[in-house]
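Working notes for the structure below.
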Amino acid sequence: MKPFALVLMLAAPLPAAPAGTLGGHIKDPSGAFVRAASITAVNRDNGLRRSTRSGSEGAFILQLLQPGEWRVEVEAAGFERAIVPATRVDIDQTTRIEITLRIAGVQDSADVQSHAAPVQGEVIPRRSIANLPLNGRQYLDLALLVPGIVPAPPGTQGLGFNLAGSRSQSNVYLLDGVSNQDTQNNGALNSFRLSEAIEEFDVATSAPLPEFGRGSGAQVNVVTRSGTNQLHGSVFEYVRNTKFAAADFFTNKLGGVKNPLNRNQFGAAVGGPVARDRTFFFASYEGFRQVAHAVSSTRVPSLAERASVTDSIGQRLLDSQFKWRSARARHCWIHGAKARLAFPSQ
């Protein structure tokens, strides 16, 4: 079994559908609101800039921000310039910051208070995807960390998970703002399983916003990674091998041999700038190799059962099947005898 997957993305830092929001208030030392203050947010990874001005009550809001770390700069007449070096913006979340400016000429830093106000659901960040154990490297399995979500029963159409008693087919999956829904079973498309290429994803468990209101279950919004102004990358491999595993109690008791299971999942990701602050690239590759022998059994009809078949087509099918199995059995016996002669057992 040798499947592999490769994703290559080349893009400029334009606002995408999966985005977060940054908002708050600007105040002076007395607590009064500062209007017409200039607020500029700069993405620390790719240099993308977004600007706005505070309103009459000192409030401001910046929408459609890419998930990541943002540097916030605030300027207003008569006040010192304030800089927030880094504040985190997550997908489908609103991060609020309260900034108190200092009077011009006073050598002091601005007072900044920030907190994330979730609009809905819970965000699974990249560090969790990279560090938590994932059997099969399916990042969507981490949705089970969200309160109210349980695995779907085996055999359920759509698989996945259930939220608060809703069907797994009621979940909605978006990938970079585009539907990632399997129209056959209404589950998530499994053609995109590159966990190393995922920046983060949000699992909305409350009443969805209008843009996510297609289904009544969980709303899963996934955003992929992108290149930055710094060349960065990673290499990984996850190994399971029969030599590393102990035999179970009954295999040891009966003197049996462990069933082989050799699994290798490996890959790499790399991203960087094509034109600084303008265009970036990101590539991710993942390979999968597995050796897992499966033992199966079948039953060959007896001569009496074959004789009971009266139609000509059925008789020919049975005859051809019996001849094939007989030839296969002779082939296996002959090669097994050769192996025993060449490599006698100890």
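Residue numbers start at 1 in each chain; chains themselves are named A, B, ... in the order of the structure tokens; ligands are numbered from 1 in the order shown.
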*Would you please extract all helix (DSSP H, G or I) residues from segment 150-294 of chain A, as assigned by DSSP on the backbone, and give them as a ChimeraX atom specification?*
/A:168-170,195-197,210-212,242-244,249-253
What parts of segment 61-233 of chain A does DSSP call strand (DSSP E)? I'd like the answer as a PyMOL selection string.
chain A and resi 61-65+68-75+82-89+93-100+111-118+122-125+149-151+161-163+172-175+178-179+198-204+219-224+232-233
Report task. Show which residues sit within 8 Å of Pro29 of chain A, as a list in words. Count only C-alpha atoms, and ignore same-chain residues fewer than 6 positions away. Result ->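 Once the nearby chain positions are removed, what remains is Thr100, Leu101, Arg102 and Ile103 of chain A.
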For the selection you just gave me, I'd like the residues written to a file as a tab-separated table (two decimals), in the first residue's frame, keeping C-alpha atoms.
chain	number	residue	atom	x	y	z
A	100	THR	CA	-4.96	53.34	26.95
A	101	LEU	CA	-2.79	56.00	25.28
A	102	ARG	CA	-0.31	58.23	27.09
A	103	ILE	CA	-0.17	62.00	26.74
Nearby residues (only C-alpha atoms) at most 10 Å from Lys27 of chain A, same-chain spacing under 5 positions excluded, as a tab-separated table (two decimals) with C-alpha atoms, in the first residue's frame:
chain	number	residue	atom	x	y	z
A	32	ALA	CA	-12.33	58.87	28.11
A	33	PHE	CA	-12.66	57.46	24.61
A	34	VAL	CA	-10.29	58.69	21.89
A	35	ARG	CA	-12.01	59.21	18.53
A	37	ALA	CA	-7.33	57.37	16.31
A	57	GLU	CA	-16.88	56.11	21.30
A	58	GLY	CA	-13.30	55.02	20.68
A	59	ALA	CA	-14.36	51.67	19.23
A	98	GLU	CA	-8.30	47.74	25.17
A	99	ILE	CA	-5.55	50.35	24.65
A	100	THR	CA	-4.96	53.34	26.95
A	101	LEU	CA	-2.79	56.00	25.28
A	102	ARG	CA	-0.31	58.23	27.09
A	111	ASP	CA	-1.52	50.19	28.81
Distance query segment 185-187 of chain A at most 8 Å, only C-alpha atoms, self and fewer than 5 positions along chain excluded, as a compact mmCIF listing (two decimals) with N, CA and C atoms, in the first residue's frame:
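File written: selection-v3.txt
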# COMPACT_ATOMS: atom_id res chain seq x y z
N GLN A 157 -23.30 6.44 8.53
CA GLN A 157 -23.01 7.13 7.28
C GLN A 157 -22.40 8.49 7.57
N GLY A 158 -21.30 8.78 6.90
CA GLY A 158 -20.61 10.03 7.14
C GLY A 158 -19.52 9.95 8.18
N LEU A 159 -19.53 8.86 9.01
CA LEU A 159 -18.52 8.66 10.05
C LEU A 159 -18.37 9.94 10.87
N GLY A 160 -17.13 10.36 11.14
CA GLY A 160 -16.92 11.62 11.85
C GLY A 160 -17.36 11.54 13.30
N SER A 168 -24.19 12.70 12.49
CA SER A 168 -22.89 13.06 11.92
C SER A 168 -23.07 13.63 10.52
N GLN A 169 -24.16 13.26 9.82
CA GLN A 169 -24.41 13.82 8.48
C GLN A 169 -24.85 15.28 8.54
N SER A 170 -25.11 15.79 9.74
CA SER A 170 -25.55 17.19 9.88
C SER A 170 -24.38 18.15 10.04
N ASN A 171 -23.15 17.62 10.13
CA ASN A 171 -21.99 18.49 10.26
C ASN A 171 -21.68 19.16 8.93
N VAL A 172 -21.05 20.33 9.00
CA VAL A 172 -20.65 21.09 7.82
C VAL A 172 -19.14 21.26 7.85
N TYR A 173 -18.47 20.99 6.71
CA TYR A 173 -17.02 21.08 6.63
C TYR A 173 -16.62 22.09 5.56
